[in-house]
file final01.txt (compact mmCIF, C-alpha atoms)
# COMPACT_ATOMS: atom_id res chain seq x y z
CA MET A 1 70.07 130.35 74.75
CA ALA A 2 67.84 133.36 74.11
CA GLU A 3 67.22 134.71 70.60
CA GLY A 4 69.40 137.73 71.26
CA ASP A 5 72.33 135.37 71.57
CA VAL A 6 72.47 134.53 67.88
CA LYS A 7 73.69 137.20 65.51
CA ILE A 8 74.82 137.11 61.90
CA LEU A 9 77.18 139.74 60.55
CA GLY A 10 76.23 139.90 56.92
CA GLY A 11 74.85 141.56 53.83
CA TRP A 12 71.50 140.91 52.12
CA ALA A 13 73.11 140.40 48.71
CA SER A 14 75.70 137.86 49.75
CA PRO A 15 74.97 134.23 48.88
CA PHE A 16 77.43 133.14 51.56
CA VAL A 17 75.49 135.05 54.24
CA MET A 18 72.30 133.40 53.01
CA ARG A 19 73.69 129.98 53.87
CA PRO A 20 73.67 130.27 57.69
CA ARG A 21 70.36 132.17 57.53
CA ILE A 22 68.71 129.27 55.72
CA ALA A 23 70.28 126.84 58.19
CA LEU A 24 68.93 128.79 61.19
CA ASN A 25 65.52 128.98 59.53
CA ILE A 26 65.51 125.19 59.08
CA LYS A 27 66.22 124.84 62.79
CA SER A 28 63.61 127.53 63.66
CA VAL A 29 66.26 129.46 65.56
CA GLY A 30 65.70 133.20 65.79
CA TYR A 31 68.61 135.51 65.13
CA GLU A 32 69.53 139.13 64.65
CA ILE A 33 71.08 140.18 61.36
CA LEU A 34 73.63 142.99 61.53
CA GLU A 35 74.05 144.39 58.04
CA GLU A 36 77.59 145.34 57.13
CA LYS A 37 77.81 148.42 54.93
CA VAL A 38 79.29 147.77 51.50
CA GLY A 39 82.92 148.79 51.36
CA VAL A 40 83.18 149.47 55.10
CA LYS A 41 84.21 146.79 57.58
CA SER A 42 82.78 147.32 61.05
CA ASP A 43 84.95 147.03 64.17
CA LEU A 44 82.83 144.05 65.19
CA LEU A 45 83.58 142.28 61.90
CA ILE A 46 87.31 142.91 62.16
CA LYS A 47 87.31 141.71 65.76
CA SER A 48 85.17 138.62 65.02
CA ASN A 49 86.99 137.58 61.85
CA PRO A 50 90.52 138.99 62.15
CA VAL A 51 91.93 136.46 59.67
CA TYR A 52 89.72 137.19 56.65
CA LYS A 53 87.62 140.22 57.78
CA LYS A 54 84.76 138.80 55.70
CA ILE A 55 81.07 138.08 56.09
CA PRO A 56 79.30 135.94 57.13
CA VAL A 57 80.23 135.61 60.78
CA LEU A 58 77.89 133.89 63.22
CA ILE A 59 78.17 135.18 66.75
CA HIS A 60 76.64 132.74 69.23
CA GLY A 61 76.75 134.20 72.71
CA ASP A 62 80.20 135.71 72.55
CA LYS A 63 81.74 133.12 70.23
CA PRO A 64 82.37 133.96 66.60
CA ILE A 65 82.26 131.31 63.89
CA CYS A 66 83.56 132.11 60.40
CA GLU A 67 83.36 130.59 56.90
CA SER A 68 79.83 129.95 55.64
CA LEU A 69 79.98 126.14 55.34
CA VAL A 70 81.76 125.82 58.70
CA ILE A 71 78.93 127.92 60.17
CA VAL A 72 76.25 125.71 58.58
CA GLN A 73 77.84 122.59 60.11
CA TYR A 74 78.07 124.37 63.47
CA ILE A 75 74.36 125.22 63.31
CA ASP A 76 73.50 121.61 62.45
CA GLU A 77 75.54 120.26 65.37
CA THR A 78 74.51 122.86 67.94
CA TRP A 79 70.75 122.70 67.36
CA SER A 80 70.76 118.96 66.89
CA SER A 81 67.11 118.45 67.91
CA GLY A 82 65.86 120.30 64.83
CA PRO A 83 65.68 118.79 61.29
CA SER A 84 69.11 117.52 60.19
CA ILE A 85 71.02 119.49 57.60
CA LEU A 86 73.82 117.02 56.88
CA PRO A 87 72.78 113.49 55.84
CA SER A 88 72.81 110.86 58.56
CA ASP A 89 74.91 108.32 56.63
CA ALA A 90 78.68 108.95 56.79
CA TYR A 91 79.22 108.20 53.10
CA ASP A 92 76.36 110.52 52.08
CA ARG A 93 77.92 113.18 54.31
CA ALA A 94 81.23 112.74 52.51
CA THR A 95 79.45 113.10 49.16
CA ALA A 96 77.68 116.28 50.31
CA ARG A 97 80.93 117.77 51.66
CA PHE A 98 82.78 116.86 48.45
CA TRP A 99 80.29 118.66 46.21
CA ALA A 100 79.92 121.65 48.52
CA ALA A 101 83.71 122.10 48.44
CA TYR A 102 83.63 121.70 44.64
CA ILE A 103 81.00 124.43 44.41
CA ASP A 104 83.10 126.87 46.43
CA ASP A 105 86.50 125.91 45.02
CA LYS A 106 85.61 125.53 41.32
CA TRP A 107 82.05 126.46 40.43
CA VAL A 108 81.75 129.84 42.19
CA PRO A 109 85.07 131.09 40.72
CA ALA A 110 83.82 129.97 37.29
CA LEU A 111 80.56 131.92 37.80
CA SER A 112 82.27 135.10 38.96
CA GLY A 113 84.92 134.53 36.27
CA ILE A 114 82.33 135.31 33.60
CA ALA A 115 81.73 138.83 34.92
CA LYS A 116 85.46 139.41 35.35
CA ALA A 117 86.53 138.01 31.96
CA GLN A 118 88.40 140.45 29.75
CA GLY A 119 87.38 140.02 26.14
CA GLU A 120 85.15 137.61 24.21
CA GLU A 121 87.58 134.69 24.17
CA ALA A 122 88.14 134.78 27.93
CA GLU A 123 84.40 135.06 28.51
CA ALA A 124 83.68 132.08 26.23
CA GLU A 125 86.24 129.99 28.09
CA ALA A 126 84.74 131.00 31.46
CA VAL A 127 81.27 130.06 30.21
CA LYS A 128 82.54 126.70 28.95
CA GLN A 129 84.05 125.91 32.37
CA LEU A 130 80.90 126.94 34.18
CA LEU A 131 78.61 124.83 32.00
CA ALA A 132 80.90 121.79 32.29
CA GLY A 133 80.68 122.20 36.06
CA THR A 134 76.90 122.55 35.91
CA THR A 135 76.69 119.23 34.07
CA LEU A 136 78.64 117.61 36.91
CA LEU A 137 76.25 119.16 39.43
CA GLU A 138 73.25 117.83 37.50
CA GLU A 139 74.76 114.32 37.73
CA ALA A 140 75.41 114.85 41.43
CA PHE A 141 71.81 115.95 41.89
CA GLN A 142 70.46 112.85 40.16
CA LYS A 143 72.59 110.63 42.43
CA CYS A 144 72.07 112.46 45.72
CA SER A 145 68.36 113.21 45.41
CA LYS A 146 67.44 109.56 44.72
CA GLY A 147 64.39 110.78 42.82
CA LYS A 148 63.29 113.27 45.47
CA ALA A 149 63.09 117.06 45.35
CA PHE A 150 66.41 118.04 46.94
CA PHE A 151 70.06 116.99 47.16
CA GLY A 152 69.08 116.24 50.76
CA GLU A 153 66.19 114.11 49.40
CA ASP A 154 62.90 115.02 51.12
CA SER A 155 64.10 118.28 52.63
CA ILE A 156 66.75 120.94 52.11
CA GLY A 157 70.19 119.83 53.24
CA TYR A 158 73.82 120.94 53.26
CA LEU A 159 74.41 120.66 49.53
CA ASP A 160 71.09 122.32 48.70
CA ILE A 161 72.14 125.27 50.85
CA ALA A 162 75.63 125.40 49.30
CA LEU A 163 74.31 125.62 45.74
CA GLY A 164 70.87 127.15 46.31
CA SER A 165 72.31 130.23 47.98
CA LEU A 166 73.84 131.09 44.60
CA LEU A 167 70.54 131.05 42.68
CA GLY A 168 70.05 134.82 42.93
CA TRP A 169 73.40 135.45 41.26
CA ILE A 170 72.81 132.62 38.78
CA ARG A 171 69.61 134.43 37.71
CA VAL A 172 71.48 137.73 37.39
CA THR A 173 74.07 136.08 35.13
CA GLU A 174 71.29 134.45 33.07
CA LEU A 175 69.76 137.89 32.41
CA HIS A 176 72.75 138.59 30.20
CA GLY A 177 71.59 135.87 27.81
CA LEU A 178 73.43 132.83 29.16
CA THR A 179 71.34 129.80 30.16
CA ILE A 180 72.98 128.11 33.11
CA LEU A 181 70.13 125.94 34.39
CA ASP A 182 68.77 124.49 31.17
CA ALA A 183 65.45 122.60 30.98
CA GLU A 184 66.94 120.18 28.45
CA LYS A 185 70.51 119.75 29.72
CA THR A 186 69.96 120.09 33.47
CA PRO A 187 66.28 119.29 34.03
CA GLY A 188 66.88 118.02 37.56
CA LEU A 189 68.50 121.27 38.65
CA VAL A 190 65.76 123.36 37.01
CA GLY A 191 63.06 121.58 39.04
CA TRP A 192 65.25 121.67 42.13
CA ALA A 193 65.79 125.45 41.84
CA GLU A 194 62.04 126.08 41.86
CA ASN A 195 61.52 123.82 44.87
CA PHE A 196 64.43 125.40 46.71
CA CYS A 197 63.26 128.98 46.21
CA ALA A 198 59.71 128.08 47.24
CA ASP A 199 60.84 126.51 50.53
CA SER A 200 59.79 128.35 53.67
CA ALA A 201 63.36 128.41 54.99
CA VAL A 202 64.55 130.16 51.83
CA LYS A 203 61.75 132.47 50.61
CA GLU A 204 62.34 135.37 52.98
CA VAL A 205 66.12 135.44 52.55
CA MET A 206 66.42 134.99 48.77
CA PRO A 207 66.87 138.48 47.33
CA GLU A 208 64.89 139.58 44.26
CA THR A 209 66.85 139.33 41.04
CA GLY A 210 66.04 142.96 40.17
CA LYS A 211 67.55 144.20 43.44
CA LEU A 212 70.68 142.11 42.86
CA VAL A 213 71.05 143.61 39.37
CA GLU A 214 70.95 147.12 40.88
CA PHE A 215 73.44 146.03 43.55
CA ALA A 216 75.80 144.60 40.92
CA LYS A 217 75.62 147.86 38.94
CA MET A 218 76.47 149.83 42.06
CA ILE A 219 79.46 147.64 42.90
CA PHE A 220 80.65 147.73 39.30
CA ALA A 221 80.43 151.52 39.25
CA LYS A 222 82.38 151.74 42.53
CA THR A 223 85.21 149.49 41.31
CA LYS A 224 85.44 151.25 37.95
CA ALA A 225 85.28 154.77 39.36
CA PRO A 226 88.57 156.65 39.16
CA PRO A 227 90.27 157.09 42.55
CA SER A 228 89.35 160.37 44.18
CA THR A 229 92.16 162.91 44.19
CA MET B 230 85.72 97.28 59.45
CA GLY B 231 85.49 96.89 55.67
CA ASP B 232 88.59 96.94 53.52
CA LEU B 233 90.40 100.25 53.29
CA LYS B 234 92.62 101.26 50.40
CA LEU B 235 94.53 104.51 50.02
CA HIS B 236 95.69 105.75 46.63
CA GLY B 237 98.57 108.17 47.02
CA THR B 238 102.04 109.31 46.07
CA ALA B 239 105.24 109.13 48.10
CA PHE B 240 105.86 112.76 49.01
CA SER B 241 102.40 114.28 49.14
CA PRO B 242 101.47 115.99 52.40
CA PHE B 243 97.79 115.55 51.44
CA VAL B 244 98.31 111.78 51.41
CA TYR B 245 100.14 111.91 54.73
CA ARG B 246 97.19 113.68 56.34
CA VAL B 247 95.12 110.59 55.60
CA ILE B 248 97.90 108.19 56.69
CA TRP B 249 98.18 110.00 60.04
CA ALA B 250 94.43 109.83 60.60
CA LEU B 251 94.31 106.12 59.76
CA LYS B 252 97.30 105.35 61.99
CA LEU B 253 95.98 107.44 64.90
CA LYS B 254 92.76 105.44 64.71
CA GLY B 255 94.72 102.17 64.49
CA LEU B 256 93.14 101.27 61.15
CA ASP B 257 94.69 98.79 58.70
CA TYR B 258 94.74 99.76 55.07
CA GLU B 259 96.35 98.85 51.78
CA TYR B 260 98.47 101.57 50.21
CA ILE B 261 98.53 101.93 46.43
CA GLU B 262 101.25 104.15 44.94
CA GLU B 263 100.04 106.18 41.97
CA ASP B 264 102.19 107.56 39.18
CA LEU B 265 100.84 111.06 38.56
CA PHE B 266 102.21 111.01 35.02
CA ASN B 267 100.44 107.73 34.33
CA LYS B 268 97.32 107.67 36.48
CA SER B 269 95.69 104.31 37.03
CA ASP B 270 92.25 103.54 35.60
CA LEU B 271 91.07 103.00 39.16
CA LEU B 272 92.13 106.49 40.23
CA LEU B 273 90.38 108.05 37.24
CA LYS B 274 87.28 106.01 38.03
CA TYR B 275 87.33 106.88 41.74
CA ASN B 276 88.05 110.59 41.32
CA PRO B 277 86.73 111.60 37.90
CA VAL B 278 86.20 115.23 38.95
CA TYR B 279 89.76 116.07 40.04
CA LYS B 280 91.76 112.94 39.04
CA LYS B 281 93.94 113.56 42.11
CA ILE B 282 95.27 111.74 45.11
CA PRO B 283 94.57 110.99 47.87
CA VAL B 284 91.54 108.78 47.36
CA LEU B 285 90.38 106.46 50.11
CA THR B 286 88.13 103.54 49.27
CA HIS B 287 86.10 101.85 51.98
CA GLY B 288 84.51 98.60 50.93
CA GLY B 289 85.06 99.73 47.33
CA LYS B 290 83.32 103.12 47.79
CA PRO B 291 85.64 106.03 46.98
CA VAL B 292 86.07 109.21 49.02
CA ALA B 293 88.13 112.01 47.47
CA GLU B 294 89.58 115.30 48.80
CA SER B 295 91.68 115.00 51.93
CA SER B 296 89.44 117.26 54.06
CA VAL B 297 86.40 115.14 53.15
CA ILE B 298 88.36 111.91 53.73
CA LEU B 299 89.47 113.03 57.20
CA GLU B 300 85.93 113.94 58.29
CA TYR B 301 84.72 110.60 56.92
CA ILE B 302 87.36 108.69 58.91
CA GLU B 303 86.53 110.70 62.05
CA GLU B 304 82.80 110.00 61.76
CA THR B 305 83.07 106.36 60.77
CA TRP B 306 85.62 105.47 63.47
CA PRO B 307 84.94 107.87 66.38
CA HIS B 308 87.49 106.33 68.80
CA ASN B 309 90.69 108.35 69.38
CA PRO B 310 88.83 111.48 68.29
CA LEU B 311 90.54 114.00 66.05
CA LEU B 312 87.84 116.60 66.54
CA SER B 313 86.42 117.94 69.79
CA ALA B 314 82.84 117.01 70.68
CA ASP B 315 82.17 120.70 71.33
CA PRO B 316 80.58 122.30 68.22
CA HIS B 317 82.46 125.58 68.64
CA GLU B 318 85.85 123.92 68.99
CA LYS B 319 84.98 121.78 65.96
CA ALA B 320 84.14 124.94 64.02
CA VAL B 321 87.46 126.52 64.98
CA ALA B 322 89.34 123.37 63.90
CA ARG B 323 87.46 123.28 60.59
CA PHE B 324 88.24 126.96 60.05
CA TRP B 325 91.98 126.35 60.42
CA PHE B 326 91.80 123.24 58.28
CA LYS B 327 90.24 125.29 55.50
CA PHE B 328 92.77 128.09 56.07
CA GLY B 329 95.57 125.56 55.67
CA ASP B 330 94.05 124.37 52.38
CA ASP B 331 93.29 127.85 51.03
CA LYS B 332 96.67 129.33 51.91
CA GLY B 333 98.79 126.24 51.30
CA LEU B 334 100.02 127.29 47.90
CA THR B 335 100.74 130.80 49.17
CA ILE B 336 103.05 129.43 51.86
CA VAL B 337 105.07 127.28 49.48
CA GLU B 338 105.13 129.33 46.30
CA PHE B 339 108.50 130.82 47.20
CA CYS B 340 110.03 127.46 46.29
CA ILE B 341 108.65 127.43 42.77
CA LYS B 342 109.25 131.08 41.87
CA VAL B 343 112.33 133.05 40.92
CA GLY B 344 113.39 136.70 40.85
CA GLU B 345 110.81 139.36 41.64
CA GLU B 346 107.98 136.85 41.73
CA GLN B 347 109.87 134.96 44.42
CA GLU B 348 110.31 138.14 46.46
CA LYS B 349 106.55 138.71 46.40
CA ALA B 350 105.93 135.01 47.19
CA ILE B 351 108.23 135.26 50.21
CA GLN B 352 106.33 138.29 51.56
CA ASP B 353 102.98 136.58 51.01
CA SER B 354 104.24 133.46 52.76
CA LEU B 355 105.50 135.43 55.77
CA GLU B 356 102.11 137.12 56.09
CA VAL B 357 100.32 133.77 56.22
CA LEU B 358 102.81 132.41 58.78
CA LYS B 359 102.17 135.56 60.84
CA ILE B 360 98.42 134.87 60.82
CA LEU B 361 99.03 131.32 62.03
CA GLU B 362 101.38 132.59 64.71
CA GLU B 363 99.10 135.34 65.99
CA HIS B 364 95.63 133.87 65.57
CA GLY B 365 95.97 130.14 65.09
CA LEU B 366 97.50 128.52 68.12
CA GLY B 367 96.90 130.94 70.95
CA GLU B 368 98.22 129.28 74.10
CA LYS B 369 97.43 125.78 72.88
CA LYS B 370 100.07 123.12 72.32
CA PHE B 371 98.37 121.91 69.17
CA PHE B 372 95.61 123.38 67.02
CA GLY B 373 93.50 120.53 68.42
CA GLY B 374 94.32 121.50 72.02
CA GLU B 375 96.37 119.10 74.15
CA SER B 376 96.45 116.49 71.44
CA ILE B 377 96.76 116.43 67.66
CA GLY B 378 93.56 117.04 65.76
CA LEU B 379 92.40 117.47 62.20
CA ALA B 380 93.64 121.06 61.96
CA ASP B 381 97.15 120.00 63.00
CA MET B 382 97.10 117.36 60.28
CA ALA B 383 95.95 119.87 57.71
CA LEU B 384 98.86 122.13 58.63
CA GLY B 385 101.27 119.29 59.40
CA TRP B 386 103.15 119.77 56.22
CA VAL B 387 104.24 123.21 57.54
CA ALA B 388 105.91 121.30 60.37
CA TYR B 389 107.89 118.98 58.15
CA TRP B 390 107.78 119.70 54.44
CA MET B 391 108.50 123.40 54.95
CA CYS B 392 112.12 122.73 56.03
CA MET B 393 112.80 120.82 52.85
CA LEU B 394 111.21 123.48 50.66
CA GLU B 395 113.30 126.12 52.43
CA GLU B 396 116.44 124.06 51.94
CA ALA B 397 115.68 123.46 48.27
CA ALA B 398 115.19 127.20 47.72
CA GLY B 399 118.05 128.23 50.03
CA ILE B 400 115.82 130.52 52.10
CA LYS B 401 114.70 130.37 55.72
CA LEU B 402 111.20 131.71 56.42
CA LEU B 403 109.86 129.88 59.46
CA GLU B 404 112.44 131.15 61.95
CA GLU B 405 112.14 130.59 65.68
CA HIS B 406 112.66 134.22 66.72
CA LYS B 407 110.04 135.46 64.24
CA PHE B 408 107.42 132.78 64.86
CA PRO B 409 108.14 131.30 68.32
CA ARG B 410 104.74 129.65 68.86
CA LEU B 411 104.52 128.18 65.38
CA PHE B 412 108.12 126.99 65.56
CA LYS B 413 107.47 125.22 68.86
CA TRP B 414 104.35 123.64 67.39
CA THR B 415 106.39 122.25 64.47
CA LYS B 416 108.69 120.51 66.96
CA ASN B 417 105.79 119.16 69.04
CA PHE B 418 104.06 117.93 65.92
CA LYS B 419 107.10 116.12 64.53
CA GLU B 420 107.76 114.51 67.92
CA PHE B 421 104.21 113.21 68.37
CA PRO B 422 104.62 109.41 68.32
CA ILE B 423 102.43 108.35 65.38
CA ILE B 424 103.52 111.35 63.31
CA LYS B 425 107.22 110.71 64.00
CA GLU B 426 106.90 107.15 62.72
CA ASN B 427 105.02 108.24 59.60
CA LEU B 428 106.95 110.91 57.80
CA PRO B 429 108.50 110.57 54.35
CA ASP B 430 112.25 110.13 54.20
CA TYR B 431 113.87 113.56 54.59
CA ASP B 432 116.69 113.12 52.07
CA GLN B 433 114.49 111.56 49.41
CA THR B 434 111.84 114.26 49.74
CA LEU B 435 114.48 116.98 49.72
CA ALA B 436 116.00 115.53 46.56
CA HIS B 437 112.52 115.48 44.99
CA PHE B 438 111.93 119.19 45.81
CA LYS B 439 115.45 120.15 44.75
CA SER B 440 114.95 118.59 41.34
CA ILE B 441 111.64 120.45 40.90
CA ARG B 442 113.33 123.73 41.87
CA GLU B 443 116.30 123.11 39.58
CA LYS B 444 113.96 122.61 36.61
CA ILE B 445 112.11 125.84 37.41
CA VAL B 446 115.31 127.84 37.79
CA ALA B 447 116.69 126.35 34.57
CA THR B 448 113.53 127.29 32.65
CA ALA B 449 113.49 130.80 34.10
CA THR B 450 117.11 131.55 33.25
CA LYS B 451 116.91 130.32 29.63

call {"tool": "encode", "arguments": {"input": "final01.txt", "output": "structure tokens"}}
result
Amino acid sequence: MAEGDVKILGGWASPFVMRPRIALNIKSVGYEILEEKVGVKSDLLIKSNPVYKKIPVLIHGDKPICESLVIVQYIDETWSSGPSILPSDAYDRATARFWAAYIDDKWVPALSGIAKAQGEEAEAEAVKQLLAGTTLLEEAFQKCSKGKAFFGEDSIGYLDIALGSLLGWIRVTELHGLTILDAEKTPGLVGWAENFCADSAVKEVMPETGKLVEFAKMIFAKTKAPPST
Amino acid sequence: MGDLKLHGTAFSPFVYRVIWALKLKGLDYEYIEEDLFNKSDLLLKYNPVYKKIPVLTHGGKPVAESSVILEYIEETWPHNPLLSADPHEKAVARFWFKFGDDKGLTIVEFCIKVGEEQEKAIQDSLEVLKILEEHGLGEKKFFGGESIGLADMALGWVAYWMCMLEEAAGIKLLEEHKFPRLFKWTKNFKEFPIIKENLPDYDQTLAHFKSIREKIVATATK
């Protein structure tokens, strides 16, 4: 199919949108990115994802695919001649899927829970949960990487994409004084993060931390602003 | 084949998802009943992150989380496929599987809430059922098409457990005139041969849900 046949409905700041972009880059598949405006859902988005009305959506030809990790698997299976994203061994695939689901179900809510926490106690509890989760991810990295650079071993794979896409927001959270990826406690993940961000499939789509900080401020101001009369 | 063991509990729809997949593939396995109030050392060893059932072990290697287990079964034993070979159809099935997992609690919360909270839970549940009705099935007999697939299994508890939850709470939500497609799907699902032979006992499961509801009501009205 021609390049014009692959579109992503997304936003530059969204880690979930970054996931399919990295996957398409790994497969060297060209695509068009249609930026959704913050706070406004386009007709195309509502039509393509009527259930959740959320980004990312991959539109391949005329077929929409929703949910970032579902999209990544679709990309891996559709462009099967390119480098593999999921491991080849069924048990390794199960391990990758388990941890990717953990990241979305538990770790991401813990990360965003810190910003949303009301009061010092709640924030401390959110931080505790996040760091406990990060320790688990360090252990998972040590097991999955088998001494190599990535969860996917020699090259970026499914689990690298699931966690790596969050690095921009991890950095933003760390600017507030919290160390999430710690050289002493999570040395594997620290090295992994550098390798991930330096990868050619990732570099052009990883937003600068400074820009994300400005974005976060803008969103925060919008949600806190009193409703217009 | 390697030895297969499934750690589960009697009434759990998550466990039944795995049982259906194993049965549809004609796979033998040993079933180990877990007591959730006294979890076995093996369960804690096999699923240290969540400490939950189901856990499937294959040749001693554990796989946890029912969605992960089902994909593992599908990939390891590809006969009698539960997912289409077409990547887009697979993606649609995976989407609905995830929807079933994400919205599962929303659909059933009406049974564990009382008063105003229950009213809200009922409305939320009806909204989710509406999404399934309008967007999920389309003209298909099953979410998997002509035959049962992974998405049907993920939502299978709506076909069977929902009735018991409704009866325990004394409320009917999934009504035929409101959700004709979904209602028909529940009948087709329950009648599908392997599914029909592998459902928990209705009366026992109902009694189990009723006792949970009675405790909640008793606590709320203290």

call {"tool": "atom_distance", "arguments": {"input": "final01.txt", "atom1": "atom CA of Pro291 of chain B", "atom2": "atom CA of Arg19 of chain A"}}
result
27.6 Å

call {"tool": "closest_atom_pairs", "arguments": {"input": "final01.txt", "of": "chain A", "to": "chain B", "cutoff": "12 Å", "atoms": "only C-alpha atoms", "output": "tab-separated table"}}
result
residue	atom	partner	partner_atom	distance
A:Lys47	CA	B:His364	CA	11.4
A:Ser48	CA	B:His364	CA	11.5
A:Asn49	CA	B:His364	CA	10.1
A:Pro50	CA	B:His364	CA	8.0
A:Val51	CA	B:Ile360	CA	6.8
A:Tyr52	CA	B:Phe328	CA	9.6
A:Val57	CA	B:Phe324	CA	11.8
A:Leu58	CA	B:His317	CA	10.9
A:Ile59	CA	B:His317	CA	10.7
A:His60	CA	B:His317	CA	9.2
A:Gly61	CA	B:His317	CA	11.1
A:Asp62	CA	B:His317	CA	11.1
A:Lys63	CA	B:His317	CA	7.7
A:Pro64	CA	B:His317	CA	8.6
A:Ile65	CA	B:Ala320	CA	6.6
A:Cys66	CA	B:Phe324	CA	7.0
A:Glu67	CA	B:Phe324	CA	6.8
A:Ser68	CA	B:Phe324	CA	10.0
A:Leu69	CA	B:Phe324	CA	9.5
A:Val70	CA	B:Ala320	CA	5.9
A:Ile71	CA	B:Ala320	CA	7.1
A:Val72	CA	B:Ala320	CA	9.6
A:Gln73	CA	B:Ala320	CA	7.8
A:Tyr74	CA	B:Pro316	CA	5.8
A:Ile75	CA	B:Pro316	CA	8.4
A:Asp76	CA	B:Pro316	CA	9.2
A:Glu77	CA	B:Pro316	CA	6.1
A:Thr78	CA	B:Pro316	CA	6.1
A:Trp79	CA	B:Pro316	CA	9.9
A:Ser80	CA	B:Pro316	CA	10.5
A:Ser88	CA	B:Glu304	CA	10.5
A:Asp89	CA	B:Thr305	CA	9.4
A:Ala90	CA	B:Tyr301	CA	6.3
A:Tyr91	CA	B:Tyr301	CA	7.1
A:Asp92	CA	B:Tyr301	CA	9.7
A:Arg93	CA	B:Tyr301	CA	7.7
A:Ala94	CA	B:Val297	CA	5.7
A:Thr95	CA	B:Val292	CA	7.7
A:Ala96	CA	B:Val297	CA	9.2
A:Arg97	CA	B:Val297	CA	6.2
A:Phe98	CA	B:Val297	CA	6.2
A:Trp99	CA	B:Val297	CA	9.9
A:Ala100	CA	B:Val297	CA	10.3
A:Ala101	CA	B:Val297	CA	8.8
A:Tyr102	CA	B:Val278	CA	9.0
A:Ile103	CA	B:Val278	CA	11.9
A:Asp104	CA	B:Asp331	CA	11.2
A:Asp105	CA	B:Asp331	CA	9.3
A:Lys106	CA	B:Tyr279	CA	10.4
A:Ala132	CA	B:Val278	CA	10.7
A:Gly133	CA	B:Val278	CA	9.3
A:Thr135	CA	B:Val278	CA	11.4
A:Leu136	CA	B:Val278	CA	8.2
A:Leu137	CA	B:Val278	CA	10.7
A:Glu139	CA	B:Val278	CA	11.5
A:Ala140	CA	B:Val278	CA	11.1

call {"tool": "atom_distance", "arguments": {"input": "final01.txt", "atom1": "atom CA of Met206 of chain A", "atom2": "atom CA of Ile33 of chain A"}}
result
14.4 Å

call {"tool": "atom_distance", "arguments": {"input": "final01.txt", "atom1": "atom CA of Lys222 of chain A", "atom2": "atom CA of Leu131 of chain A"}}
result
29.1 Å

call {"tool": "residues_around", "arguments": {"input": "final01.txt", "residues": "segment 118-127 of chain A", "least_positions_apart": "6", "cutoff": "12 Å", "atoms": "only C-alpha atoms", "output": "PDB file with C-alpha atoms, in the frame of the given file"}}
result
ATOM      1  CA  LYS A 106      85.610 125.530  41.320  1.00  0.00           C
ATOM      2  CA  TRP A 107      82.050 126.460  40.430  1.00  0.00           C
ATOM      3  CA  VAL A 108      81.750 129.840  42.190  1.00  0.00           C
ATOM      4  CA  PRO A 109      85.070 131.090  40.720  1.00  0.00           C
ATOM      5  CA  ALA A 110      83.820 129.970  37.290  1.00  0.00           C
ATOM      6  CA  LEU A 111      80.560 131.920  37.800  1.00  0.00           C
ATOM      7  CA  SER A 112      82.270 135.100  38.960  1.00  0.00           C
ATOM      8  CA  GLY A 133      80.680 122.200  36.060  1.00  0.00           C
ATOM      9  CA  THR A 134      76.900 122.550  35.910  1.00  0.00           C
ATOM     10  CA  THR A 173      74.070 136.080  35.130  1.00  0.00           C
ATOM     11  CA  GLU A 174      71.290 134.450  33.070  1.00  0.00           C
ATOM     12  CA  GLY A 177      71.590 135.870  27.810  1.00  0.00           C
ATOM     13  CA  LEU A 178      73.430 132.830  29.160  1.00  0.00           C
ATOM     14  CA  THR A 179      71.340 129.800  30.160  1.00  0.00           C
ATOM     15  CA  ILE A 180      72.980 128.110  33.110  1.00  0.00           C
TER      16      ILE A 180
END

call {"tool": "closest_residue", "arguments": {"input": "final01.txt", "among": "B:Asp257, B:Glu348, B:Asp232, B:Glu368", "to": "Ile400 of chain B", "atoms": "all atoms listed in the file"}}
result
B:Glu348

call {"tool": "residues_around", "arguments": {"input": "final01.txt", "residues": "Gly367 of chain B", "least_positions_apart": "6", "cutoff": "10 Å", "atoms": "only C-alpha atoms", "output": "PyMOL selection string"}}
result
chain B and resi 361+374+410-411

call {"tool": "residues_around", "arguments": {"input": "final01.txt", "residues": "Cys144 of chain A", "least_positions_apart": "6", "cutoff": "8 Å", "atoms": "all atoms listed in the file", "output": "ChimeraX atom specification"}}
result
/A:92,151-153

call {"tool": "closest_residue", "arguments": {"input": "final01.txt", "among": "A:Met18, A:Ile8, A:Pro56, A:Asp199", "to": "Ala162 of chain A", "atoms": "all atoms listed in the file"}}
result
A:Met18

call {"tool": "closest_residue", "arguments": {"input": "final01.txt", "among": "A:Leu9, A:Ala115, A:Val29, A:Ala193", "to": "Ser165 of chain A", "atoms": "all atoms listed in the file"}}
result
A:Ala193

call {"tool": "residues_around", "arguments": {"input": "final01.txt", "residues": "segment 342-347 of chain B", "least_positions_apart": "3", "cutoff": "9 Å", "atoms": "all atoms listed in the file", "output": "mmCIF file with C-alpha atoms, in the coordinates of the input"}}
result
data_model
loop_
_atom_site.group_PDB
_atom_site.id
_atom_site.type_symbol
_atom_site.label_atom_id
_atom_site.label_comp_id
_atom_site.auth_asym_id
_atom_site.auth_seq_id
_atom_site.Cartn_x
_atom_site.Cartn_y
_atom_site.Cartn_z
ATOM 1 C CA GLU B 338 105.130 129.330 46.300
ATOM 2 C CA PHE B 339 108.500 130.820 47.200
ATOM 3 C CA ALA B 350 105.930 135.010 47.190
ATOM 4 C CA ILE B 351 108.230 135.260 50.210
ATOM 5 C CA GLN B 352 106.330 138.290 51.560
ATOM 6 C CA ARG B 442 113.330 123.730 41.870
ATOM 7 C CA ILE B 445 112.110 125.840 37.410
ATOM 8 C CA VAL B 446 115.310 127.840 37.790
ATOM 9 C CA ALA B 449 113.490 130.800 34.100
#
